[in-house]
file entry.txt (compact mmCIF, C-alpha atoms)
# COMPACT_ATOMS: atom_id res chain seq x y z
CA MET A 1 73.82 89.42 229.14
CA LYS A 2 72.91 91.92 231.84
CA CYS A 3 69.62 93.08 233.28
CA ARG A 4 68.51 96.32 231.64
CA VAL A 5 67.46 97.72 235.02
CA CYS A 6 70.07 96.67 237.61
CA ARG A 7 72.96 95.43 235.38
CA GLY A 8 72.99 92.11 237.28
CA PRO A 9 73.06 88.80 235.36
CA ALA A 10 70.00 88.40 233.12
CA VAL A 11 67.91 85.21 233.12
CA ILE A 12 65.86 86.09 230.06
CA ASP A 13 66.36 88.11 226.92
CA ILE A 14 63.44 89.73 225.11
CA ARG A 15 64.65 90.70 221.69
CA ARG A 16 61.66 92.85 220.73
CA HIS A 17 62.53 95.10 223.70
CA ASN A 18 66.26 94.70 222.97
CA ALA A 19 66.62 93.90 226.66
CA GLY A 20 67.57 91.29 229.22
CA PHE A 21 66.11 91.07 232.71
CA CYS A 22 67.12 89.47 236.01
CA ARG A 23 64.45 87.46 237.80
CA ASP A 24 63.09 90.28 239.96
CA HIS A 25 63.00 92.88 237.23
CA PHE A 26 61.46 90.43 234.77
CA LEU A 27 58.59 89.81 237.20
CA VAL A 28 58.14 93.58 237.55
CA HIS A 29 58.18 93.88 233.74
CA CYS A 30 55.36 91.29 233.43
CA GLN A 31 53.28 93.02 236.09
CA GLU A 32 53.77 96.41 234.44
CA GLN A 33 52.73 95.07 231.04
CA VAL A 34 49.52 93.64 232.52
CA ARG A 35 48.85 96.82 234.48
CA ARG A 36 49.32 98.86 231.29
CA ALA A 37 47.05 96.59 229.22
CA ILE A 38 44.30 96.82 231.84
CA HIS A 39 44.66 100.61 232.08
CA ASP A 40 45.01 101.39 228.36
CA HIS A 41 42.04 99.26 227.36
CA ARG A 42 39.95 100.01 230.47
CA MET A 43 39.49 96.31 231.05
CA VAL A 44 38.36 96.30 234.66
CA GLU A 45 36.47 98.68 236.97
CA PRO A 46 37.28 98.69 240.70
CA SER A 47 33.98 97.07 241.69
CA ASP A 48 34.09 94.31 239.04
CA ARG A 49 33.93 90.64 239.98
CA ILE A 50 36.45 88.79 237.79
CA VAL A 51 36.64 85.14 236.88
CA VAL A 52 39.75 83.87 235.10
CA ALA A 53 39.43 80.89 232.75
CA VAL A 54 42.19 78.47 233.79
CA SER A 55 43.30 75.41 231.84
CA GLY A 56 46.41 74.29 233.76
CA GLY A 57 48.64 75.79 231.06
CA LYS A 58 51.23 78.51 231.54
CA ASP A 59 49.21 81.46 230.26
CA SER A 60 46.10 81.11 232.38
CA LEU A 61 47.98 80.25 235.59
CA ALA A 62 50.41 83.14 235.03
CA LEU A 63 47.43 85.45 234.40
CA TRP A 64 45.74 84.38 237.63
CA ASP A 65 49.01 84.93 239.51
CA LEU A 66 49.58 88.36 237.95
CA LEU A 67 46.02 89.54 238.67
CA VAL A 68 46.24 88.40 242.28
CA GLY A 69 49.65 90.14 242.50
CA LEU A 70 47.99 93.35 241.29
CA GLU A 71 45.46 92.89 244.13
CA TYR A 72 42.41 92.13 242.03
CA GLU A 73 39.84 89.83 243.56
CA VAL A 74 39.68 87.07 241.02
CA ASP A 75 38.35 83.51 241.14
CA GLY A 76 39.29 80.67 238.78
CA LEU A 77 37.08 78.61 236.50
CA TYR A 78 38.28 75.29 235.08
CA LEU A 79 36.41 73.39 232.37
CA GLY A 80 37.04 69.63 232.24
CA LEU A 81 37.17 68.63 228.57
CA GLY A 82 37.35 64.85 229.03
CA ILE A 83 40.62 64.43 227.11
CA GLY A 84 41.76 61.37 229.09
CA GLY A 85 45.03 61.58 231.02
CA TYR A 86 45.78 65.03 229.60
CA SER A 87 42.69 66.52 231.30
CA ASP A 88 43.39 64.56 234.51
CA GLU A 89 46.87 66.02 234.68
CA SER A 90 45.78 69.55 233.71
CA VAL A 91 43.18 69.82 236.46
CA ARG A 92 45.78 68.72 239.01
CA PHE A 93 47.98 71.70 238.11
CA VAL A 94 45.01 74.05 238.54
CA ARG A 95 43.89 72.55 241.86
CA ASP A 96 47.44 72.54 243.21
CA TYR A 97 47.95 76.17 242.24
CA ALA A 98 44.65 77.35 243.75
CA GLY A 99 44.94 75.13 246.83
CA ALA A 100 48.45 76.28 247.72
CA ARG A 101 47.38 79.94 247.57
CA GLY A 102 43.91 79.63 249.08
CA LEU A 103 42.20 80.88 245.91
CA LYS A 104 38.62 80.07 244.96
CA LEU A 105 38.33 77.63 242.07
CA HIS A 106 35.10 76.68 240.28
CA GLU A 107 35.02 73.54 238.16
CA VAL A 108 32.62 72.55 235.38
CA ASP A 109 32.98 69.16 233.71
CA LEU A 110 31.70 68.68 230.17
CA GLN A 111 30.91 64.98 230.76
CA ASP A 112 29.43 65.21 234.25
CA ASP A 113 27.60 68.49 233.84
CA LEU A 114 26.73 68.61 230.16
CA GLY A 115 26.84 64.97 229.02
CA PHE A 116 29.69 64.85 226.49
CA THR A 117 33.44 65.18 226.02
CA VAL A 118 35.51 66.97 223.39
CA PRO A 119 36.80 63.73 221.80
CA VAL A 120 33.22 62.45 221.43
CA ALA A 121 32.03 65.78 220.04
CA ALA A 122 34.86 65.74 217.48
CA GLU A 123 34.02 62.18 216.45
CA VAL A 124 30.30 62.78 216.14
CA THR A 125 30.63 66.02 214.21
CA ARG A 126 33.63 64.76 212.18
CA ARG A 127 35.27 68.14 212.65
CA ALA A 128 38.55 69.23 214.23
CA PRO A 129 38.41 68.80 218.03
CA CYS A 130 39.68 72.35 218.55
CA GLY A 131 36.41 73.66 217.11
CA ALA A 132 34.24 71.78 219.63
CA CYS A 133 36.66 72.66 222.42
CA GLY A 134 36.71 76.40 221.65
CA LEU A 135 32.93 76.54 221.26
CA SER A 136 32.44 74.75 224.59
CA LYS A 137 34.88 77.03 226.39
CA ARG A 138 33.29 80.21 225.02
CA HIS A 139 29.82 79.03 225.96
CA VAL A 140 30.63 77.70 229.43
CA PHE A 141 32.83 80.61 230.51
CA ASN A 142 30.27 83.18 229.39
CA SER A 143 27.21 81.42 230.80
CA PHE A 144 29.00 80.65 234.08
CA ALA A 145 29.96 84.32 234.50
CA ARG A 146 26.42 85.44 233.66
CA ASP A 147 24.79 82.93 236.02
CA HIS A 148 27.18 83.51 238.94
CA GLY A 149 27.33 87.30 238.94
CA TYR A 150 30.80 87.82 237.47
CA ASP A 151 31.19 91.01 235.44
CA VAL A 152 34.38 90.02 233.65
CA VAL A 153 35.83 86.85 232.12
CA ALA A 154 39.64 87.13 231.86
CA THR A 155 41.44 84.77 229.49
CA GLY A 156 45.13 84.01 229.02
CA HIS A 157 45.40 85.02 225.36
CA ASN A 158 48.89 86.44 224.90
CA LEU A 159 50.56 88.50 222.17
CA ASP A 160 51.48 85.37 220.17
CA ASP A 161 47.93 84.01 220.32
CA GLU A 162 46.45 87.28 219.18
CA ALA A 163 48.99 87.77 216.39
CA ALA A 164 48.34 84.22 215.13
CA VAL A 165 44.56 84.73 215.21
CA LEU A 166 45.02 88.02 213.38
CA LEU A 167 47.11 86.36 210.69
CA GLY A 168 44.42 83.70 210.22
CA ASN A 169 41.66 86.32 210.05
CA VAL A 170 43.59 88.43 207.53
CA LEU A 171 44.43 85.44 205.33
CA ARG A 172 40.72 84.73 204.99
CA TRP A 173 39.54 88.35 205.33
CA GLU A 174 37.13 87.43 208.10
CA THR A 175 35.75 90.95 208.54
CA GLY A 176 33.39 90.04 211.40
CA TYR A 177 36.19 88.36 213.35
CA LEU A 178 38.54 91.26 212.60
CA GLY A 179 35.95 93.64 214.04
CA ARG A 180 35.70 91.58 217.21
CA GLN A 181 39.43 91.05 217.65
CA HIS A 182 40.27 93.37 220.50
CA PRO A 183 41.75 93.01 224.02
CA VAL A 184 38.31 93.90 225.41
CA LEU A 185 34.92 92.72 224.24
CA PRO A 186 32.41 94.88 226.07
CA ALA A 187 29.47 93.42 227.95
CA ALA A 188 26.25 93.17 225.96
CA PRO A 189 22.89 91.52 226.60
CA GLY A 190 23.75 87.86 227.31
CA PHE A 191 27.51 88.50 227.25
CA ALA A 192 29.88 89.18 230.13
CA ARG A 193 32.80 91.51 229.36
CA LYS A 194 35.80 89.53 228.08
CA VAL A 195 39.33 90.78 228.62
CA LYS A 196 42.81 89.65 227.59
CA PRO A 197 45.28 91.23 230.03
CA LEU A 198 48.29 89.29 228.64
CA VAL A 199 48.04 90.92 225.22
CA ARG A 200 51.31 92.83 225.73
CA LEU A 201 53.28 89.72 226.78
CA GLY A 202 54.64 86.95 224.55
CA GLU A 203 54.23 83.23 225.00
CA ARG A 204 57.91 82.82 225.90
CA GLU A 205 57.56 85.45 228.61
CA MET A 206 54.61 83.60 230.13
CA ALA A 207 56.49 80.31 230.27
CA ALA A 208 59.46 82.12 231.85
CA TYR A 209 57.14 83.80 234.36
CA CYS A 210 55.85 80.40 235.53
CA VAL A 211 59.36 78.92 235.77
CA LEU A 212 60.61 81.92 237.76
CA GLN A 213 57.57 82.02 240.05
CA GLY A 214 57.70 78.26 240.68
CA ILE A 215 54.28 77.67 239.09
CA ASP A 216 53.95 74.09 237.85
CA TYR A 217 51.93 73.93 234.66
CA GLN A 218 50.97 71.53 231.88
CA VAL A 219 54.02 71.63 229.58
CA GLU A 220 52.81 68.93 227.20
CA GLU A 221 50.74 69.98 224.21
CA CYS A 222 47.12 68.84 224.05
CA PRO A 223 47.10 65.48 222.21
CA MET A 224 44.16 66.67 220.11
CA ALA A 225 45.84 69.87 218.88
CA GLU A 226 48.07 68.18 216.30
CA GLY A 227 47.72 69.91 212.96
CA ASN A 228 45.98 72.89 214.53
CA ARG A 229 46.05 75.79 212.08
CA HIS A 230 47.11 78.37 214.66
CA LEU A 231 50.24 76.37 215.51
CA GLY A 232 51.26 76.77 211.87
CA TYR A 233 50.61 80.52 211.98
CA LYS A 234 52.74 80.77 215.12
CA ASP A 235 55.63 79.00 213.37
CA VAL A 236 55.44 81.46 210.51
CA LEU A 237 55.30 84.46 212.85
CA ASN A 238 58.19 83.18 214.97
CA ALA A 239 60.31 82.73 211.85
CA LEU A 240 59.62 86.40 211.03
CA GLU A 241 60.29 87.44 214.63
CA ASP A 242 63.63 85.63 214.65
CA ARG A 243 64.74 87.59 211.59
CA SER A 244 63.12 90.84 212.60
CA PRO A 245 62.43 91.16 216.36
CA GLY A 246 59.28 93.14 217.12
CA SER A 247 57.38 91.96 214.03
CA LYS A 248 54.60 90.24 215.99
CA ALA A 249 54.03 93.25 218.24
CA SER A 250 53.96 95.72 215.31
CA PHE A 251 51.58 93.47 213.38
CA LEU A 252 49.13 93.19 216.27
CA PHE A 253 49.35 96.67 217.78
CA GLY A 254 49.39 98.33 214.35
CA PHE A 255 46.17 96.47 213.55
CA LEU A 256 44.53 97.45 216.85
CA GLU A 257 45.47 101.09 216.43
CA ARG A 258 44.95 101.64 212.73
CA ALA A 259 42.82 98.89 211.19
CA GLN A 260 40.55 97.29 213.79
CA PRO A 261 38.22 100.33 214.06
CA GLN A 262 37.51 99.99 210.31
CA PHE A 263 35.99 96.56 210.93
CA ALA A 264 34.26 97.28 214.25
CA THR A 265 30.96 98.33 212.65
CA VAL A 266 30.64 94.90 210.98
CA ALA A 267 30.97 93.26 214.39
CA VAL A 268 28.41 95.61 215.98
CA GLU A 269 25.91 94.89 213.19
CA GLU A 270 26.41 91.15 213.69
CA ARG A 271 25.91 91.48 217.43
CA ASP A 272 22.73 93.56 216.97
CA ASP A 273 21.22 90.71 214.96
CA LEU A 274 21.52 88.19 217.79
CA GLY A 275 18.52 86.67 219.53
CA ALA A 276 18.29 84.33 222.53
CA CYS A 277 18.79 80.56 222.22
CA SER A 278 15.49 78.80 222.87
CA GLU A 279 17.36 76.18 224.95
CA CYS A 280 19.85 78.04 227.11
CA GLY A 281 19.13 81.74 226.55
CA SER A 282 22.61 82.47 225.19
CA PRO A 283 22.91 84.93 222.31
CA THR A 284 22.63 83.28 218.90
CA THR A 285 21.81 84.04 215.29
CA GLY A 286 19.41 81.10 215.03
CA ASP A 287 16.71 79.51 217.18
CA VAL A 288 19.11 77.15 218.96
CA CYS A 289 22.73 78.17 219.65
CA ALA A 290 25.72 76.29 218.22
CA PHE A 291 26.69 74.95 221.65
CA CYS A 292 23.24 73.45 222.35
CA ARG A 293 23.24 71.84 218.89
CA LEU A 294 26.72 70.41 219.54
CA ARG A 295 25.70 69.16 222.96
CA ALA A 296 22.58 67.44 221.61
CA ARG A 297 24.57 65.68 218.86
CA ALA A 298 27.50 64.71 221.07
CA SER A 299 25.42 63.42 223.96
CA GLY A 300 23.09 61.54 221.60
CA ILE A 301 19.95 63.12 222.94
CA SER A 302 17.40 65.40 221.37
CA ILE A 303 17.44 69.13 221.91
CA ASP A 304 14.36 68.83 224.16
CA GLU A 305 16.00 66.12 226.31
CA ALA A 306 19.14 68.25 226.65
CA ARG A 307 17.13 70.91 228.51
CA MET B 1 75.79 67.44 227.88
CA LYS B 2 72.41 65.85 228.41
CA ILE B 3 69.50 67.52 226.60
CA LEU B 4 65.83 66.98 227.46
CA LEU B 5 63.40 67.88 224.68
CA ARG B 6 59.60 67.90 224.95
CA ASN B 7 56.57 67.34 222.76
CA PRO B 8 57.42 64.53 222.33
CA ARG B 9 59.62 63.96 225.37
CA ARG B 10 63.07 62.63 224.40
CA GLU B 11 66.69 62.87 225.51
CA LEU B 12 69.88 63.56 223.56
CA GLU B 13 73.57 63.51 224.46
CA ILE B 14 75.80 66.13 222.86
CA SER B 15 79.52 66.34 223.51
CA GLY B 16 81.51 69.54 223.96
CA SER B 17 80.76 72.98 225.27
CA CYS B 18 78.82 75.67 223.37
CA THR B 19 76.57 78.68 223.83
CA VAL B 20 72.80 78.37 224.06
CA ALA B 21 72.47 80.13 220.69
CA THR B 22 74.80 77.60 219.04
CA LEU B 23 73.02 74.66 220.63
CA LEU B 24 69.63 75.87 219.37
CA GLN B 25 71.09 76.41 215.92
CA ARG B 26 72.55 72.88 215.90
CA LEU B 27 69.15 71.47 216.87
CA ASP B 28 67.40 73.69 214.29
CA LEU B 29 65.20 75.28 216.96
CA ASN B 30 63.87 78.83 216.78
CA PRO B 31 64.97 80.69 219.97
CA GLU B 32 61.58 82.45 219.96
CA SER B 33 59.78 79.18 220.52
CA VAL B 34 61.70 77.71 223.49
CA LEU B 35 63.11 78.39 226.93
CA VAL B 36 66.44 76.89 227.92
CA ILE B 37 66.73 75.71 231.51
CA VAL B 38 69.95 74.46 233.11
CA GLY B 39 69.29 72.70 236.40
CA ASP B 40 66.54 74.96 237.74
CA GLU B 41 67.83 78.16 236.18
CA LEU B 42 66.70 79.95 233.03
CA VAL B 43 69.60 80.95 230.81
CA THR B 44 69.94 83.55 228.04
CA ARG B 45 71.16 82.73 224.54
CA ASP B 46 74.70 84.03 225.17
CA ALA B 47 75.18 81.68 228.17
CA ARG B 48 77.90 79.01 227.76
CA LEU B 49 76.87 75.43 228.45
CA ASP B 50 79.59 73.10 229.69
CA ASP B 51 80.04 69.50 228.69
CA THR B 52 78.38 68.14 231.86
CA ALA B 53 75.30 70.43 231.87
CA ASP B 54 71.78 69.02 232.26
CA VAL B 55 69.77 71.10 229.83
CA GLU B 56 66.01 71.21 229.32
CA ILE B 57 64.73 72.80 226.13
CA ARG B 58 61.14 73.61 226.87
CA PRO B 59 58.76 74.55 224.07
CA VAL B 60 56.62 77.57 224.83
CA ILE B 61 54.19 77.37 221.94
CA SER B 62 50.74 76.16 222.78
CA GLY B 63 47.97 75.76 220.29
CA GLY B 64 44.60 74.15 220.16
CA ALA B 65 41.34 75.77 221.07
CA ARG B 66 41.12 79.13 222.76
CA PRO B 67 37.95 80.40 224.36
call {"tool": "encode", "arguments": {"input": "entry.txt", "output": "structure tokens"}}
result
Amino acid sequence: MKCRVCRGPAVIDIRRHNAGFCRDHFLVHCQEQVRRAIHDHRMVEPSDRIVVAVSGGKDSLALWDLLVGLEYEVDGLYLGLGIGGYSDESVRFVRDYAGARGLKLHEVDLQDDLGFTVPVAAEVTRRAPCGACGLSKRHVFNSFARDHGYDVVATGHNLDDEAAVLLGNVLRWETGYLGRQHPVLPAAPGFARKVKPLVRLGEREMAAYCVLQGIDYQVEECPMAEGNRHLGYKDVLNALEDRSPGSKASFLFGFLERAQPQFATVAVEERDDLGACSECGSPTTGDVCAFCRLRARASGISIDEAR
Amino acid sequence: MKILLRNPRRELEISGSCTVATLLQRLDLNPESVLVIVGDELVTRDARLDDTADVEIRPVISGGARP
């Protein structure tokens, strides 16, 4: 297979583009896709301070690398989840990446800073660990950005992630979630702007980007993710993609162009109903936000003591 | 050829030469969900793998919680 641009030997084929790329032109392709996503969705203004949520996985480290390559000033934020050796190894990848490039990395640790870990939260609540993990990430990334003067939180959600989430939301007709599913969630009282600059790039492209750029990342799957619903959705979508390349992109981008605006008013109404959490000030529908309730249960202390 | 698979990590030996596409088919792996690395090099699905190749088949699907 030859590179679509220079006709040299290709190192990766991307069937939805019906194209192969050599190393150099693949890296240009990734950068162009991120540049286009940022431009088309007006993700970032020139004066914005950006913090990228990094986990040690391929997507978030590739995103940090791509944003720095596009000359954005962007710092990293790592959240320690307390998942034993998996978390110990993941943070090493993040520190090594940031240290080698002289980039600023912030770290928050669920156990040290907030008094619980994801495994304990899952055990106490008797719910899937991914729920406690996602809730903690959303809360910490948003509150950290708000408290430290960052305008934008960038996350490594890629095309596959977004297509899988969309499939899940459609299967259950989650109209509020469908209204909020967009590459940009604008800033609102209590919320930093959230952007997903990798939305035009697939998961396979992100892994290839890291391999080709020499970025070491956590290859192993999180030990707590077994049975995760989104992994099943990704299998289904990849089976479709194998038979009909481009299916995932048409599903997601068709939704964003033609269907998402139909649901956006539901999301705006839900957001307008939010008040401030009496504990942490974060937006919530109740008196105390879901994260503060989780933290109180998982750390075994009362809401008042958690303050 | 020696094949390294991940999640869980395990090794296989397969004899003979074949293309990447054929190898993935034999292992019942969806080409959309993996990268194939020979030595330190990424290879495309039409690449031919010789009998002595050291091949890593790296999954690219990650799940779990997203912020």
call {"tool": "closest_atom_pairs", "arguments": {"input": "entry.txt", "of": "chain B", "to": "chain A", "cutoff": "10 Å", "atoms": "all atoms listed in the file", "output": "JSON lines"}}
result
{"residue": "B:Arg6", "atom": "CA", "partner": "A:Glu220", "partner_atom": "CA", "distance": 7.2}
{"residue": "B:Asn7", "atom": "CA", "partner": "A:Glu220", "partner_atom": "CA", "distance": 6.0}
{"residue": "B:Pro8", "atom": "CA", "partner": "A:Glu220", "partner_atom": "CA", "distance": 8.0}
{"residue": "B:Arg9", "atom": "CA", "partner": "A:Glu220", "partner_atom": "CA", "distance": 8.6}
{"residue": "B:Asn30", "atom": "CA", "partner": "A:Asp242", "partner_atom": "CA", "distance": 7.1}
{"residue": "B:Pro31", "atom": "CA", "partner": "A:Asp242", "partner_atom": "CA", "distance": 7.4}
{"residue": "B:Glu32", "atom": "CA", "partner": "A:Asn238", "partner_atom": "CA", "distance": 6.1}
{"residue": "B:Ser33", "atom": "CA", "partner": "A:Arg204", "partner_atom": "CA", "distance": 6.8}
{"residue": "B:Val34", "atom": "CA", "partner": "A:Arg204", "partner_atom": "CA", "distance": 6.8}
{"residue": "B:Leu35", "atom": "CA", "partner": "A:Arg204", "partner_atom": "CA", "distance": 6.9}
{"residue": "B:Val36", "atom": "CA", "partner": "A:Ile12", "partner_atom": "CA", "distance": 9.5}
{"residue": "B:Ile37", "atom": "CA", "partner": "A:Val211", "partner_atom": "CA", "distance": 9.1}
{"residue": "B:Asp40", "atom": "CA", "partner": "A:Val211", "partner_atom": "CA", "distance": 8.4}
{"residue": "B:Glu41", "atom": "CA", "partner": "A:Val11", "partner_atom": "CA", "distance": 7.7}
{"residue": "B:Leu42", "atom": "CA", "partner": "A:Val11", "partner_atom": "CA", "distance": 5.4}
{"residue": "B:Val43", "atom": "CA", "partner": "A:Val11", "partner_atom": "CA", "distance": 5.1}
{"residue": "B:Thr44", "atom": "CA", "partner": "A:Ile12", "partner_atom": "CA", "distance": 5.2}
{"residue": "B:Arg45", "atom": "CA", "partner": "A:Asp13", "partner_atom": "CA", "distance": 7.6}
{"residue": "B:Asp46", "atom": "CA", "partner": "A:Met1", "partner_atom": "CA", "distance": 6.8}
{"residue": "B:Ala47", "atom": "CA", "partner": "A:Met1", "partner_atom": "CA", "distance": 7.9}
{"residue": "B:Arg58", "atom": "CA", "partner": "A:Val219", "partner_atom": "CA", "distance": 7.9}
{"residue": "B:Pro59", "atom": "CA", "partner": "A:Val219", "partner_atom": "CA", "distance": 7.8}
{"residue": "B:Val60", "atom": "CA", "partner": "A:Arg204", "partner_atom": "CA", "distance": 5.5}
{"residue": "B:Ile61", "atom": "CA", "partner": "A:Glu203", "partner_atom": "CA", "distance": 6.6}
{"residue": "B:Ser62", "atom": "CA", "partner": "A:Glu221", "partner_atom": "CA", "distance": 6.3}
{"residue": "B:Gly63", "atom": "CA", "partner": "A:Leu231", "partner_atom": "CA", "distance": 5.3}
{"residue": "B:Gly64", "atom": "CA", "partner": "A:Ala225", "partner_atom": "CA", "distance": 4.6}
{"residue": "B:Ala65", "atom": "CA", "partner": "A:Cys130", "partner_atom": "CA", "distance": 4.6}
{"residue": "B:Arg66", "atom": "CA", "partner": "A:Gly134", "partner_atom": "CA", "distance": 5.3}
{"residue": "B:Pro67", "atom": "CA", "partner": "A:Arg138", "partner_atom": "CA", "distance": 4.7}
call {"tool": "atom_distance", "arguments": {"input": "entry.txt", "atom1": "CA of Phe191 in chain A", "atom2": "CA of Arg49 in chain A"}}
result
14.4 Å
call {"tool": "closest_residue", "arguments": {"input": "entry.txt", "among": "A:Val199, A:Leu252, A:Val124, A:Val74", "to": "Arg35 in chain A", "atoms": "only C-alpha atoms"}}
result
A:Val199
call {"tool": "atom_distance", "arguments": {"input": "entry.txt", "atom1": "CA of Asn18 in chain A", "atom2": "CA of Gln31 in chain A"}}
result
18.5 Å
call {"tool": "residues_near_point", "arguments": {"input": "entry.txt", "point": "(32.7, 74.0, 236.3)", "cutoff": "10 Å", "atoms": "all atoms listed in the file", "output": "list in words"}}
result
Gly76, Leu77, Tyr78, Leu79, Gly80, Leu105, His106, Glu107, Val108, Asp109, Leu110, Asp112, Asp113, Val140, Phe141 and Phe144 of chain A
call {"tool": "atom_distance", "arguments": {"input": "entry.txt", "atom1": "CA of Leu27 in chain A", "atom2": "CA of Ile215 in chain A"}}
result
13.0 Å
call {"tool": "residues_around", "arguments": {"input": "entry.txt", "residues": "Leu49 in chain B", "least_positions_apart": "5", "cutoff": "8 Å", "atoms": "all atoms listed in the file", "output": "ChimeraX atom specification"}}
result
/B:17-20
call {"tool": "residues_around", "arguments": {"input": "entry.txt", "residues": "Glu56 in chain B", "least_positions_apart": "5", "cutoff": "8 Å", "atoms": "all atoms listed in the file", "output": "list of chain:residue names"}}
result
B:Ile3, B:Leu4, B:Leu5, B:Val36, B:Ile37, B:Val38, B:Gly39
call {"tool": "closest_residue", "arguments": {"input": "entry.txt", "among": "B:Ile14, B:Thr22, B:Leu29, B:Met1", "to": "Ala53 in chain B", "atoms": "all atoms listed in the file"}}
result
B:Met1
call {"tool": "residues_around", "arguments": {"input": "entry.txt", "residues": "Val120 in chain A", "least_positions_apart": "3", "cutoff": "12 Å", "atoms": "only C-alpha atoms", "output": "list in words"}}
result
Leu81, Gly82, Ile83, Gly84, Leu110, Gln111, Gly115, Phe116, Thr117, Glu123, Val124, Thr125, Arg126, Arg127, Ala128, Pro129, Ala132, Cys133, Met224, Leu294, Arg295, Ala296, Arg297, Ala298, Ser299 and Gly300 of chain A
call {"tool": "closest_residue", "arguments": {"input": "entry.txt", "among": "B:Arg10, B:Ala21, B:Ser15, B:Leu27", "to": "Thr52 in chain B", "atoms": "all atoms listed in the file"}}
result
B:Ser15
